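What follows is a set of notes on a single structure, which appears directly below.
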Amino acid sequence: LGIATIVAFVFKYLVDRFFVFKKEKYTTAQKEIAGIGLYTLFSVFTTLLFWGVQLSFKAYFRLEYLGLILGLTAGYTMKFFLDKHFVFADGK
């Protein structure tokens with residue numbers, strides 16, 4: 001499970017970098033490490049948001065699947081904009 005998570009994380013980072021945000025130019029190792037750190041932080045934050053929405057809908061409304069849909073939508077949308085403005089911004 002841990003290895004699969006790491007492989008998926010690296011794959012998603014590379015896809016986001018090269019295909020979604022088209023950031024092929026490498027700057028410095030320090031900026032790259034900082035970007036990966038922010039990417040990791042935003043991934044954890046939006047995953048916790050997703051879990052919170054899903055579990056809240058399950059506990060309070062007994063609508064787990066609606067919470068899942070809303071949580072994933074909110075998490076992925078927020079992650080996209082955070083990555084766009086902070087991880088893969090023009091200055092990076």
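Identifiers in the structure tokens: chain A, B, ... in order shown; residue index from 1 per chain; ligand index from 1 in order shown.
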Checklist entry - range 49-58 of chain A: which residues within 12 Å, counting only C-alpha atoms, same-chain residues fewer than 4 positions away excluded, as a VMD selection string? => result chain A and resid 42 to 45 62 to 79
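With CA of Phe81 in chain A on one side and CA of Tyr39 in chain A on the other, the separation reads 11.5 Å.
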Item to check | Those of chain A in DSSP alpha helix (DSSP H), formatted as a ChimeraX atom specification | outcome: /A:2-15,29-61,64-82
Next on the checklist: List the spatial neighbours of range 23-35 of chain A as a ChimeraX atom specification - criterion: any atom at most 9 Å away, only C-alpha atoms, same-chain residues fewer than 6 positions off excluded.
Outcome noted: /A:16-17,86-90,92
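In this model, the gap between CA of Phe11 in chain A and CA of Thr47 in chain A comes to 17.0 Å.
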Checklist outcome for this item: Expressed in Å, the length from CA of Phe9 in chain A to CA of Leu38 in chain A is 13.0 Å
